[in-house]
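S.K.: Submitted below is the structure of interest, expressed as structure tokens.
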Amino acid sequence: MFRGSRRVLGNVMVLAQVNAKGVTPASLSAFTAAQQIGGDVTALVSGKAAAETVSKVSGVSKVLYGEGSSVEHDLAENITNMVLGKAEGFTHILAPSSAMGKSVAPRLGALLDAQPLTDVAEIHSEDTFTRGTYAGNVVTKVKSNDKVKIMTVRGASFDKAAAEGGSAAVEEIPSSESGQSAFVSAASASSDKPDLQSADVIVSGGRGMKDPSNWHLIESLAGKMNAAVGATRAVVDAEWVASDLQVGQTGKIVAPQLYVACGISGAIQHVTGMKDSKTIVAINTDEEAPIMALADYGLVADALKAVPEMTEKL
């Protein structure tokens with residue numbers, strides 16, 4: 001006699017974020033992860049307008065939202081209080097690996113007596129997951145025995161849920177000031193160039209570009225390809241470009257359809273941020289450089305010569 005196994009479906013809460021363009025890509029990836037766990041998926045957001053936007057995401061059953069100044073700027077302490085008020089009955093609480101998610105998850109873990117799992121990259125079952133450690137150099141498969149599983153989701157590892165097609169119910173829940181922090185100001189750079197974290201094509205440069213005076217070659221190629229511009233930490237540290245262009249462990253995690261690495265050796269710090277790209281093209285003078293082993297296509301050449309030639313032919 002064989003006894004069939006029965007999968008227990010979860011009741012999953014996703015802490016979602018919405019910006020001027022709609023539901024953030026990282027949040028859409030978190031919804032996909034939630035749907036892979038199984039069961040009902042409930043979203044929690046700040047503000048009624050954001051709730052109406054999230055209610056259209058495919059696969060979402062219900063949207064909870066807080067209203068007012070206490071949740072307007074996603075302050076971690078206030079969001080944590082809002083989650084705690086509705087946490088009972090949920091088996092999983094997921095958040096994107098954003099600044100908000102990384103701030104709220106440890107607070108929830110402490111208050112709910114659970115060990116948060118960060119940068120989850122694969123869902124095996126309702127209690128078993130894969131996550132990267134040591135800057136992604138080691139991949140671990142872990143099982144959580146906590147009553148409620150708290151996770152941040154590595155957006156680059158999951159497809160994005162459809163932003164349209166859903167019709168979830170919307171419900172307002174209480175929100176309040178924690179008194180532990182206060183919003184002061186926010187500053188963001190405006191640009192007509194493609195956003196680095198949501199771009200389908202990225203052209204990145206490293207120390208192989210030799211000098212900041214050569215950076216225009218990267219920007220010209222990116223312009224021809226309608227691509228976002230990225231950079232390594234070494235380039236950012238040398239102040240060639242602004243820090244918001246950095247791709248890597250301490251920068252942005254990206255997963256475009258095409259990633260063109262120009263003069264980049266492939267240090268683990270950088271690779272961690274772009275290894276999930278669908279197609280990787282590397283241009284480097286050293287055929288033994290680590291980036292060459294990762295690349296789908298490698299060109300052994302000087303980026304200072306190859307990049308302008310590519311731009312000219314496009």
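To be explicit about the labels: the chains of the structure tokens are called A, B, and onward in the order shown, and within each one the residues are counted from 1, while ligands get numbers from 1 in the order they are shown.
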Report as a VMD selection string all protein, DNA and RNA residues lying within 7 Å of stretch 257-271 of chain A, evaluated on only C-alpha atoms, omitting residues in the same chain fewer than 2 positions from it.
M.R.: chain A and resid 135 200 to 209 232 247 to 249 255 273 to 275 277 to 284 289 to 291 303
S.K.: Mind checking DSSP for stretch 44-235 of chain A and telling me the alpha helix (DSSP H) residues as a ChimeraX atom specification?
M.R.: /A:48-54,76-84,99-112,215-224,233-235
S.K.: Between A:Asn19, A:Ser29, A:Gln246, A:Gln197, which has the minimum distance to A:Val57 (counting only C-alpha atoms)?
M.R.: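 Closest residue, counting only C-alpha atoms: A:Ser29.
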S.K.: For atom CA of A:Val120 and atom CA of A:Thr272, quote the distance in Å rounded to one decimal.
M.R.: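 We find that atom CA of A:Val120 and atom CA of A:Thr272 lie 13.7 Å from each other.
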S.K.: Would you mind listing what lies within 9 Å of A:Arg107 as a PyMOL selection string, with only C-alpha atoms counted and same-chain residues fewer than 6 positions away left out?
M.R.: chain A and resi 76-77+80
S.K.: Would you mind exporting the chosen residues as a JSON list (two decimals), in the first residue's frame, restricted to all heavy atoms?
M.R.:
```json
[["chain", "number", "residue", "atom", "x", "y", "z"],
["A", 76, "ALA", "N", 10.43, 51.49, 7.97],
["A", 76, "ALA", "CA", 10.43, 50.09, 8.38],
["A", 76, "ALA", "C", 9.66, 49.85, 9.68],
["A", 76, "ALA", "O", 8.92, 48.87, 9.81],
["A", 76, "ALA", "CB", 11.87, 49.61, 8.53],
["A", 77, "GLU", "N", 9.84, 50.73, 10.65],
["A", 77, "GLU", "CA", 9.18, 50.52, 11.95],
["A", 77, "GLU", "C", 7.66, 50.59, 11.82],
["A", 77, "GLU", "O", 6.93, 49.78, 12.42],
["A", 77, "GLU", "CB", 9.66, 51.59, 12.95],
["A", 77, "GLU", "CG", 11.13, 51.49, 13.32],
["A", 77, "GLU", "CD", 12.05, 52.19, 12.34],
["A", 77, "GLU", "OE1", 11.54, 52.71, 11.31],
["A", 77, "GLU", "OE2", 13.26, 52.24, 12.58],
["A", 80, "THR", "N", 6.37, 47.52, 9.84],
["A", 80, "THR", "CA", 6.42, 46.34, 10.71],
["A", 80, "THR", "C", 5.19, 46.29, 11.62],
["A", 80, "THR", "O", 4.56, 45.24, 11.77],
["A", 80, "THR", "CB", 7.70, 46.36, 11.55],
["A", 80, "THR", "OG1", 8.84, 46.32, 10.69],
["A", 80, "THR", "CG2", 7.75, 45.16, 12.49]]
```
